[in-house]
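Undergrad: Just dropping this structure here.
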Amino acid sequence: MIHTQANDNTPRGAFSVREFCQWAGIGRTAFYEEIKTGRLAAKKFGKRTLIPIAEAHRWLEGLPVLSKD
């Protein structure tokens with residue numbers, strides 16, 4: 001899946017923290033907890049924190065499956 005910015009057909013390579021949180025449906029506190037525990041890897045570019053799209057999908061696929069019990 002290729003992600004694009006609104007009104008832009010240029011493929012995106014990474015999410016900002018805000019974009020990732022919106023995409024994943026989690027808050028910033030949960031985001032930073034995932035980074036702290038090592039379950040999610042982020043990159044730094046100057047002051048910006050970026051989450052590569054591939055890493056976002058790896059993180060999502062690694063979440064536990066909800067059991068029916």
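FYI, nothing fancy with the structure tokens labels: chains A, B, ... in order, residues from 1 per chain, ligands from 1 as they appear.
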Excluding Leu63 of chain A and residues on its chain fewer than 6 positions from it, collect all residues at most 12 Å away from it, counting only C-alpha atoms, and give them as a PyMOL selection string.

TA: chain A and resi 24+34+39-40+56-57

Undergrad: Could you write out, as a list of chain:residue names, all the residues of chain A that DSSP marks as alpha helix (DSSP H)?

TA: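 Alpha helix (DSSP H) members of chain A, listed: A:Val17, A:Arg18, A:Glu19, A:Phe20, A:Cys21, A:Gln22, A:Trp23, A:Ala24, A:Arg28, A:Thr29, A:Ala30, A:Phe31, A:Tyr32, A:Glu33, A:Glu34, A:Ile35, A:Lys36, A:Thr37, A:Ile53, A:Ala54, A:Glu55, A:Ala56, A:His57, A:Arg58, A:Trp59, A:Leu60, A:Glu61, A:Gly62.
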
Undergrad: Find the residues around segment 45-51 of chain A up to 12 Å (only C-alpha atoms counted), leave out those fewer than 5 positions away in its own chain, and share them as a ChimeraX atom specification.

TA: /A:12-21,23-24,31-32,34-35,40,56-59

Undergrad: Please return, as a PyMOL selection string, all residues of chain A that DSSP assigns to strand (DSSP E or B) on the basis of the backbone.

TA: chain A and resi 4+11+14-16+43-45+48-52

Undergrad: If you measure from atom CA of Ala41 of chain A to atom CA of Glu55 of chain A, what distance in Å do you get, rounded to one decimal?

TA: 6.8 Å

Undergrad: So the first atom is atom CA of Leu60 of chain A and the second is atom CA of Lys43 of chain A; what is the distance between them in Å, to one decimal place?

TA: 17.3 Å

Undergrad: Between atom CA of Thr29 of chain A and atom CA of Asp69 of chain A, measure the distance and give it in Å to one decimal.

TA: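 Taking atom CA of Thr29 of chain A and atom CA of Asp69 of chain A, their separation equals 28.6 Å.
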